[in-house]
Structures are given as structure tokens and as C-alpha cells.
Amino acid sequence: MPSLRPALAATAVATLLAVSVTACGSSGNSADAKPSASATTSDSGGFTLPTSLPTSLPTSAEDLDKWADALKNGGWKNWDKEKWLRDAADFINPIIEDLWDADRLRDADKTPSQGQDDSGVSNADDGTTDPEPAAIAAKQLSRPYHSASPATGKLLFDMPDGQAVCSATVVSDPANPGRSNLVWTAGHCVHAGASGGWYRNVVFVPSFNDKGLTGSALRSATKAQLAPYGTWWAQKAGTTQQWIDGGGESSATSSAYPYDFAVLKVTNPDSGKSLEETVGASVPVWFDAPTAEGIDSLQTRGYPAAAPFDGYGYQQYGCTGDPVRLKLTSDSPTMNWLGCTMTAGASGGGWFAKQPDGTTALVSNTSIGPANGNTWLAGPHLGTLAKSLFDKVRTS
């Protein structure tokens with residue numbers, strides 16, 4: 001992965017990645033990444049939509065509309081590297097009606113890589129990195145999850161090898177108090193970084209599986225039970241140029257992880273209310289919060305999926321503990337580091353601390369954990385760059 005120049009870490013400007021969602025369409029529910037050559041007629045008289053995509057990358061709003069139509073009409077299944085949009089202005093996420101049905105919500109079982117090679121931690125800057133924190137056992141939240149953590153939800157999306165899961169948080173919009181449509185998550189939950197592009201069919205599901213169903217009740221659960229507050233499509237998205245250029249390519253070279261955050265603006269065509277009005281909660285983002293040594297206690301929330309959890313992220317968990325400092329490279333920002341046994345699937349989930357006035361605010365998100373085991377998590381410090389990104393997404 002390309003390393004960040006010291007000057008870049010200090011002066012880079014967050015990049016806005018935004019496209020408006022237009023009309024809805026319908027598509028099959030398969031996550032098959034193999035494109036079909038052309039449209040065919042089904043036995044019932046309907047159509048299997050084509051997966052062909054435009055031959056050139058988008059350079060104008062008109063081009064983006066063409067790409068949106070193609071993706072909506074089945075082109076999202078085409079993961080040819082040359083057709084995988086990755087640039088700042090190329091986030092396109094057209095609403096596909098009925099795509100995320102109960103089966104698809106239930107069956108999503110992939111996670112983007114978040115493991116940190118042990119050498120990256122052992123070679124961290126000793127001057128500003130604390131001893132590794134002791135593991136804290138993640139605890140399942142009380143049910144219904146909405147009562148315990150109403151702003152937390154699950155992020156679902158398609159990547160080349162199937163339907164995938166992360167976690168995310170409803171955050172407050174200063175320009176629209178009480179009516180926010182903003183969601184905070186990790187950059188690696190929306191973009192593959194240096195090795196790829198934007199993930200597709202990105203939706204946020206607040207209080208996923210709110211009652212914590214298991215077993216036969218879970219297998220027969222309806223969409224209304226799995227997504228009681230609806231499925232909210234990412235209409236606009238933003239992450240950092242550092243993540244786009246250097247993220248995800250190698251866990252041993254980790255200069256992009258301190259920039260592993262993203263902001264989404266979401267919409268639900270089936271709701272006449274905002275996301276915050278629907279769930280009844282949002283959490284303010286505390287930019288430039290004290291670093292780990294200045295915070296007595298942090299809470300994390302998320303839907304861990306990878307072993308030893310259930311493989312799907314059906315249940316919401318959390319950890320509470322004292323954060324310490326992790327500085328992966330000498331020229332990268334210091335990250336928050338917390339002992340916690342949550343695993344992939346919890347990526348993007350919020351980290352919360354008390355502000356001086358006693359209110360709870362989001363100060364970070366889950367970015368990485370150890371490649372070997374599940375003893376800790378680390379998340380970026382949200383400073384000036386994060387604030388710039390947030391403002392650009394919310395005002396676009």
C-alpha cells in the first residue's frame with residue numbers, strides 16, 4: 001500500500017463522494033457476482049435484467065445517471081475491475097426495490113478485511129503507543145436493542161464475494177436538529193481502498209433484529225422483524241482520500257487506518273420521516289475530542305459476525321473500558337485502542353464518550369482488530385479532517 005507523506009497527513013482535505021438517488025427499480029435477489037451477457041425472459045413473463053455497464057467511466061452528471069440506471073438494472077453484479085468505480089465523485093447507489101428482502105438481510109455473511117498484522121502493532125511508535133490493553137469480553141446488549149442503543153444499526157452491502165455486514169450509528173445533523181439522515185461508519189465498510197472501489201447496494205438497518213431472535217424464530221423472521229425501522233439506502237457517501245488511495249491493500253502497512261471513517265446521507269423511499277424521527281435518536285459527533293489519555297471510559301457498539309460469534313452478526317454487542325493510545329506509524333495520527341473481543345462485523349460501529357456537559361457523543365468508530373485473535377479494537381481519532389468530511393456530506 002502506498003505510504004502517506006508527512007505533509008499529506010497534516011494538510012489533506014477530505015473528499016466528498018456524492019450522488020443523488022433517483023427513481024427506484026427492481027432486481028433479483030441473487031448476490032451472484034458473475035455477469036450475464038444479456039437480458040432474458042423468465043418463465044413468468046418477467047425479465048432478468050442485463051448486467052452490462054457503460055464502456056467509459058463517468059465524467060459528468062449525465063454519465064452518472066447512465067451508470068445509475070445500469071447498476072439498478074443488474075449491472076451491480078458485474079465486478080470487473082475496470083468497471084468497479086472507485087474515484088471520489090463516483091459513489092452511485094441507486095435504490096433497487098425489494099432487493100434487501102428478509103432472506104437477503106438474514107443471509108449476509110461476508111465482512112471486509114479489518115485484521116491488523118501483528119508486526120504493524122509491534123513496530124508501532126513506542127513514544128506514543130501504550131502497552132496493549134487487556135481484553136474485555138463483549139456483552140450482548142439487552143433486548144430490544146432499540147431501548148439499549150437506539151442509534152446503533154447494521155450496515156449491509158454487496159462486495160465481489162457476496163453480501164456483507166458492518167455496523168454504523170445515526171449521528172446528529174446540526175443543520176437539521178431532530179431530523180438527521182446522517183450515518184457514521186468505517187471507510188472500509190463502503191470502499192475497498194487501494195485494491196478496489198465503492199461497494200454497492202449499501203443500506204443501513206437501525207436496530208437490526210431488534211428482539212435478538214435466534215434459532216427457528218430467526219430463520220422464519222419477516223423483514224419487519226429484522227428491519228423494524230426500515231432499510232435506509234445510502235444516497236451520498238464520503239470517506240477520506242487517504243483511505244481510497246492506501247486503504248485495505250495490506251494490513252502490515254497501515255498508514256491509512258487512522259483515516260478509516262465514512263459519513264453517509266441516507267434515504268428511505270417508504271418513509272415520510274427522517275431517519276432520526278423514525279428511530280427517535282441520534283448521537284452528536286465530538287470532533288477533536290481528547291485523545292485516549294484524556295478519556296476515562298469508552299463504550300463501543302456493533303454487530304460482530306466473525307468467529308467466535310455467529311458468522312452473520314445477528315446480535316448486538318458492546319464493550320466498555322479505558323482506552324489507550326496506538327500510533328501505527330511515526331507520521332500518522334494516534335488512534336484510540338481498546339481491549340474488546342468483538343470481531344469483524346462490528347467494524348464501523350460507534351465509540352462513545354461523555355462530553356464535559358455530561359451528554360454522550362461519538363468520538364470514533366471501529367476500524368481494526370488483531371489478525372490473530374480477538375482481544376482488542378482500534379479506531380481513528382476524529383479531528384479536523386473528519387469534521388471537514390462530515391460538513392461536506394451533510395451540506396451537499
# chains A, B, ... in the order shown; residues from 1 in each chain; ligands from 1
call {"tool": "select_by_dssp", "arguments": {"residues": "stretch 265-396 of chain A", "states": "helix (DSSP H, G or I)", "output": "PyMOL selection string"}}
result
chain A and resi 275-279+292-294+384-394
call {"tool": "write_last_selection", "arguments": {"atoms": "C-alpha atoms", "output": "compact mmCIF listing (two decimals), in the first residue's frame"}}
result
# COMPACT_ATOMS: atom_id res chain seq x y z
CA LEU A 275 -34.04 8.64 9.98
CA GLU A 276 -33.75 10.35 13.36
CA GLU A 277 -37.51 10.90 13.59
CA THR A 278 -38.02 7.23 12.75
CA VAL A 279 -35.65 5.80 15.36
CA ALA A 292 -7.21 8.32 24.80
CA GLU A 293 -5.30 9.64 27.81
CA GLY A 294 -7.96 12.33 28.25
CA THR A 384 -10.18 18.47 11.55
CA LEU A 385 -10.20 16.15 8.55
CA ALA A 386 -13.18 14.22 9.89
CA LYS A 387 -15.07 17.44 10.60
CA SER A 388 -14.42 18.66 7.04
CA LEU A 389 -15.71 15.41 5.60
CA PHE A 390 -18.79 15.47 7.82
CA ASP A 391 -19.66 19.04 6.85
CA LYS A 392 -19.28 18.36 3.15
CA VAL A 393 -21.55 15.34 3.22
CA ARG A 394 -24.24 16.89 5.38
call {"tool": "residues_around", "arguments": {"residues": "A:Thr214", "least_positions_apart": "5", "cutoff": "12 Å", "atoms": "only C-alpha atoms", "output": "number ranges by chain"}}
result
A: 106, 209, 219-221, 225-226, 310, 312-315
call {"tool": "closest_atom_pairs", "arguments": {"of": "stretch 214-237 of chain A", "to": "stretch 94-99 of chain A", "cutoff": "12 Å", "atoms": "only C-alpha atoms", "output": "JSON lines"}}
result
{"residue": "A:Lys223", "atom": "CA", "partner": "A:Asp98", "partner_atom": "CA", "distance": 10.4}
{"residue": "A:Gly230", "atom": "CA", "partner": "A:Asp98", "partner_atom": "CA", "distance": 11.8}
{"residue": "A:Thr231", "atom": "CA", "partner": "A:Asp98", "partner_atom": "CA", "distance": 10.1}
{"residue": "A:Trp232", "atom": "CA", "partner": "A:Ile95", "partner_atom": "CA", "distance": 9.5}
{"residue": "A:Trp233", "atom": "CA", "partner": "A:Ile95", "partner_atom": "CA", "distance": 6.7}
{"residue": "A:Ala234", "atom": "CA", "partner": "A:Pro94", "partner_atom": "CA", "distance": 8.6}
{"residue": "A:Gln235", "atom": "CA", "partner": "A:Pro94", "partner_atom": "CA", "distance": 7.8}
{"residue": "A:Lys236", "atom": "CA", "partner": "A:Pro94", "partner_atom": "CA", "distance": 10.3}
call {"tool": "select_by_dssp", "arguments": {"residues": "stretch 224-316 of chain A", "states": "strand (DSSP E)", "output": "number ranges by chain"}}
result
A: 232-239, 262-267, 298-302
call {"tool": "residues_around", "arguments": {"residues": "stretch 285-291 of chain A", "least_positions_apart": "3", "cutoff": "6 Å", "atoms": "only C-alpha atoms", "output": "list in words"}}
result
Gly294, Ala361, Leu362, Val363, Leu382 and Gly383 of chain A
call {"tool": "write_last_selection", "arguments": {"atoms": "all heavy atoms", "output": "JSON list (two decimals), in the first residue's frame"}}
result
[["chain", "number", "residue", "atom", "x", "y", "z"],
["A", 294, "GLY", "N", -7.05, 11.35, 27.68],
["A", 294, "GLY", "CA", -7.96, 12.33, 28.25],
["A", 294, "GLY", "C", -9.39, 11.85, 28.38],
["A", 294, "GLY", "O", -10.27, 12.62, 28.74],
["A", 361, "ALA", "N", -21.46, 11.35, 23.25],
["A", 361, "ALA", "CA", -21.14, 11.70, 21.87],
["A", 361, "ALA", "C", -20.29, 10.61, 21.24],
["A", 361, "ALA", "O", -19.60, 9.84, 21.93],
["A", 361, "ALA", "CB", -20.40, 13.03, 21.82],
["A", 362, "LEU", "N", -20.33, 10.56, 19.91],
["A", 362, "LEU", "CA", -19.48, 9.63, 19.17],
["A", 362, "LEU", "C", -18.10, 10.25, 19.00],
["A", 362, "LEU", "O", -17.97, 11.39, 18.55],
["A", 362, "LEU", "CB", -20.10, 9.32, 17.81],
["A", 362, "LEU", "CG", -19.39, 8.30, 16.92],
["A", 362, "LEU", "CD1", -20.41, 7.43, 16.18],
["A", 362, "LEU", "CD2", -18.47, 8.98, 15.91],
["A", 363, "VAL", "N", -17.06, 9.49, 19.34],
["A", 363, "VAL", "CA", -15.69, 10.00, 19.24],
["A", 363, "VAL", "C", -14.82, 9.18, 18.30],
["A", 363, "VAL", "O", -13.70, 9.59, 17.98],
["A", 363, "VAL", "CB", -15.01, 10.07, 20.63],
["A", 363, "VAL", "CG1", -15.74, 11.04, 21.54],
["A", 363, "VAL", "CG2", -14.91, 8.69, 21.27],
["A", 382, "LEU", "N", -11.06, 11.50, 15.59],
["A", 382, "LEU", "CA", -11.81, 12.31, 14.63],
["A", 382, "LEU", "C", -11.48, 13.79, 14.83],
["A", 382, "LEU", "O", -12.01, 14.44, 15.74],
["A", 382, "LEU", "CB", -13.31, 12.06, 14.80],
["A", 382, "LEU", "CG", -13.74, 10.58, 14.71],
["A", 382, "LEU", "CD1", -15.25, 10.45, 14.91],
["A", 382, "LEU", "CD2", -13.31, 9.96, 13.40],
["A", 383, "GLY", "N", -10.60, 14.29, 13.99],
["A", 383, "GLY", "CA", -10.15, 15.66, 14.10],
["A", 383, "GLY", "C", -10.65, 16.55, 12.99],
["A", 383, "GLY", "O", -11.79, 16.42, 12.50]]
call {"tool": "residues_around", "arguments": {"residues": "A:Trp376", "least_positions_apart": "4", "cutoff": "8 Å", "atoms": "only C-alpha atoms", "output": "tab-separated table (two decimals) with C-alpha atoms, in the first residue's frame"}}
result
chain	number	residue	atom	x	y	z
A	133	PRO	CA	-4.85	-3.20	26.55
A	134	ALA	CA	-6.23	-6.26	28.29
A	135	ALA	CA	-9.10	-7.98	26.52
A	136	ILE	CA	-12.61	-7.09	27.67
A	337	TRP	CA	-7.09	1.47	21.34
A	338	LEU	CA	-9.46	-0.58	23.50
A	339	GLY	CA	-9.45	-4.13	24.79
A	340	CYS	CA	-12.59	-5.76	23.34
A	341	THR	CA	-13.43	-9.22	21.96
A	342	MET	CA	-15.78	-8.08	19.20
A	369	GLY	CA	-8.54	-5.61	15.31
A	370	PRO	CA	-5.71	-8.14	15.54
call {"tool": "closest_residue", "arguments": {"among": "A:Lys110, A:Lys72, A:Arg104, A:Lys77", "to": "A:Ala305", "atoms": "only C-alpha atoms"}}
result
A:Lys110
call {"tool": "atom_distance", "arguments": {"atom1": "atom CA of A:Tyr317", "atom2": "atom CA of A:Thr240"}}
result
27.5 Å
